[in-house]
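Participant: For reference, the structure I am asking about is given below.
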Amino acid sequence: MQRRSIAEIGIGKVVTAAIIIALALGATIFYLIYTGRIGGGSKLKLSSPARVGHEWSDVAADNNIVSDYLFSRTKRLGVEKGGDGILIATSYTIAGRLVSQEAENSGVYELGDQALLLKCYVRAGDRANAISLKEEVIKRFRLSDGAYRTYVYSDTSKTPEELITMSASIEWLDAMMEYYGAYGNDDDYKEICHLAGILFDNEGKLNTEMISVAKYAESLYVSLEDTSSIEEGDEGSLEQAYGTITGDVDGVDTEREVIEEDIEGVLLSNIKLKLIRDLETNGILPEGSYDRALKAVKDGFAGSGYSFYAYATSGTMDCGDYVYSGRNTGAFDITHNIKTMRNLAEVGELDNASYSQFKEMVMNSGRIYTEYVILTGNYTGREAVNAYADGLMTAYLMGDKDLYERLADTLGKRVATKSTSPALYMIFREENDRYVFYSRENLNTRLSTS
């Protein structure tokens, strides 16, 4: 078979083919660098984030929660108007009826809100905004030792406190893991490892922090067993066990014969089991970290006829000494309970009794309340508005469309529906006759409905 010479093929065609190959190779290299595949850190094996499908999104939409529109408006108000174009403000209050009631933002950017926004960007495939946000958070929130402050001010002339909370830091680490799975590079991998080293000890246990808990003047805690022998007719015993509570239990004017004390401990709701499992799987936390974390959470199940999980440990994560409410003694904290339930549901470990109790409360009343009082056996306190998004995701993870729809129905009643409202499709709260839109609530709902 006779070969064809270059001359026969034509020099022009050869050059053209070479250019095409070079462009294709260049495009491939650019794509790999662009997506972090070249120069990136170890490729992490991550659990896929739970994302509801169209069938569930339609249920939410039927109840006024149109996820895409909600996110679009949240970005417009929280980032473009309330924020600095990159960071999102904690809340935005739209203009009131009076001329003097101008629109205003909170003036505060909270780390946990940025974490939720980062997740929203990643799941929407918005790489440019995700990178800008990540870099701005590292610039504004990161301290010299690698820890992250909980908030900064929109007014850059104000010096933010070096306040560090485990809740916000864990949320940011969780968001960074999700970000890394999509766009991360070597620097991001190092940042994840360094932050994990700050938040967890060398055994993979979440470090303790100062937690404010309710306390009686006579003794620090009253356990479930301590109340079993108290009769209503016992003079003074109920006051000793439960304190005197009047007024709104969430209000600052509430009077009670209870004081608060700071203890070192770990909030059970901060033990994000899926995150810990992923960190261990990738060698960032030591072997056995997930099993220890799961045991710490499960051992916090109250039992004795009460299907609730503890609020926190009094001491290290695996100490076995639990506190059941941070606000009132003789009560269970429902908001933190639902966060803990969601963490368990994400890894398929949620106790059916606890879930059934939660579902019964919602299906009967249509509401989530902040506390369950042991003495009366009733739910009380204000409506736990921040808990609905966690409740929605828990219902989805449990495959319970009835509960999902019931929660969406309640939450959907607080969606702005006036066509001329700048916050149309967003979830609001009415405070002092003004309409306030909290970023956390709207972003969390976005993640639970899309």
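Numbering starts fresh at 1 for the residues of each chain in the structure tokens, the chains themselves are lettered A, B, ... in the order given, and ligands are numbered from 1 as they appear.
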List the neighbours of Ser132 (chain A) out to 9 Å using only C-alpha atoms; skip same-chain residues closer than 5 positions along the sequence, and give me the result as an NGL selection string.
Facilitator: :A and (86 or 127 or 137)
Participant: Region 411-418 of chain A: which residues within 9 Å, counting only C-alpha atoms, same-chain residues fewer than 5 positions away excluded, as a PyMOL selection string?
Facilitator: chain A and resi 60-65+385+388-389+406+423-429
Participant: Check the smallest atom-to-atom distance from each of A:Gly326, A:Gly107, A:Gly303, A:Gly283 to Pro160 (chain A) using only C-alpha atoms, then report the winner.
Facilitator: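 Using only C-alpha atoms, the shortest distance to Pro160 (chain A) belongs to A:Gly107.
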Participant: Got a sec: who's within 10 Å of Thr394 (chain A), counting only C-alpha atoms, leaving out chain neighbours fewer than 5 positions off, as a PyMOL selection string?
Facilitator: chain A and resi 338-346+350+355+388-389+399-400+403-404+448
Participant: Go ahead and write the selection's residues with C-alpha atoms as a PDB file, in the first residue's frame.
Facilitator:
```
ATOM      1  CA  ILE A 338     -35.527  18.131  64.948  1.00  0.00           C
ATOM      2  CA  LYS A 339     -32.002  19.031  63.835  1.00  0.00           C
ATOM      3  CA  THR A 340     -30.732  15.909  65.569  1.00  0.00           C
ATOM      4  CA  MET A 341     -33.480  13.844  63.943  1.00  0.00           C
ATOM      5  CA  ARG A 342     -32.481  15.179  60.545  1.00  0.00           C
ATOM      6  CA  ASN A 343     -28.832  14.259  61.167  1.00  0.00           C
ATOM      7  CA  LEU A 344     -29.898  10.725  62.072  1.00  0.00           C
ATOM      8  CA  ALA A 345     -32.272  10.412  59.124  1.00  0.00           C
ATOM      9  CA  GLU A 346     -29.467  11.374  56.726  1.00  0.00           C
ATOM     10  CA  LEU A 350     -33.525   7.841  63.080  1.00  0.00           C
ATOM     11  CA  TYR A 355     -40.154  10.363  64.376  1.00  0.00           C
ATOM     12  CA  TYR A 388     -39.779  23.799  59.448  1.00  0.00           C
ATOM     13  CA  ALA A 389     -37.073  23.387  56.815  1.00  0.00           C
ATOM     14  CA  GLY A 399     -40.269   9.045  52.562  1.00  0.00           C
ATOM     15  CA  ASP A 400     -43.289  10.594  54.307  1.00  0.00           C
ATOM     16  CA  LEU A 403     -45.908  15.017  56.768  1.00  0.00           C
ATOM     17  CA  TYR A 404     -43.978  16.866  54.064  1.00  0.00           C
ATOM     18  CA  SER A 448     -35.338  21.310  51.422  1.00  0.00           C
TER      19      SER A 448
END
```
Participant: Would you please extract all strand (DSSP E or B) residues from region 95-218 of chain A, as assigned by DSSP on the backbone, and give them as a list in words?
Facilitator: Glu104, Asn105, Val108, Tyr109, Glu110, Arg142, Tyr148, Tyr151, Val152, Tyr153, Phe200, Leu206, Glu209, Met210, Ile211, Ser212, Val213, Ala214 and Lys215 of chain A
Participant: Enumerate, as a ChimeraX atom specification, the complete set of residues in region 131-165 of chain A that a backbone-based DSSP assignment places in alpha helix (DSSP H).
Facilitator: /A:131-141
Participant: What's around Tyr369 (chain A) at 12 Å? Count only C-alpha atoms, leave out sequence neighbours fewer than 4 positions away in its own chain, and write the answer as number ranges by chain.
Facilitator: A: 249-250, 332-338, 358, 361-362, 365, 373, 378-388, 391
Participant: Can you pull out the residues contacting region 89-102 of chain A? Cut-off 8 Å, using only C-alpha atoms, and skip same-chain residues under 4 positions away; I want them as a PyMOL selection string.
Facilitator: chain A and resi 77-79+82-83+106-110+113+154+422-423+434-440
Participant: Distance CA of Tyr311 (chain A)-CA of Leu375 (chain A), one decimal place?
Facilitator: 17.9 Å
Participant: Here is a test: counting only C-alpha atoms, which residue of A:Thr281, A:Lys139, A:Leu44, A:Asp155 is nearest to Gly184 (chain A)?
Facilitator: A:Leu44
Participant: Please, what distance in Å, to one decimal, runs between CA of Gly197 (chain A) and CA of Leu118 (chain A)?
Facilitator: 21.6 Å
Participant: Using only C-alpha atoms, which of A:Asn282, A:Ser48, A:Ser72, A:Ser421 sits nearest Ala182 (chain A)?
Facilitator: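 Result for the nearest residue to Ala182 (chain A): A:Ser48.
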Participant: Could you work out how far CA of Leu443 (chain A) lies from CA of Phe71 (chain A), giving the answer in Å with one decimal?
Facilitator: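 Calculated distance between CA of Phe71 (chain A) and CA of Leu443 (chain A) is 7.0 Å.
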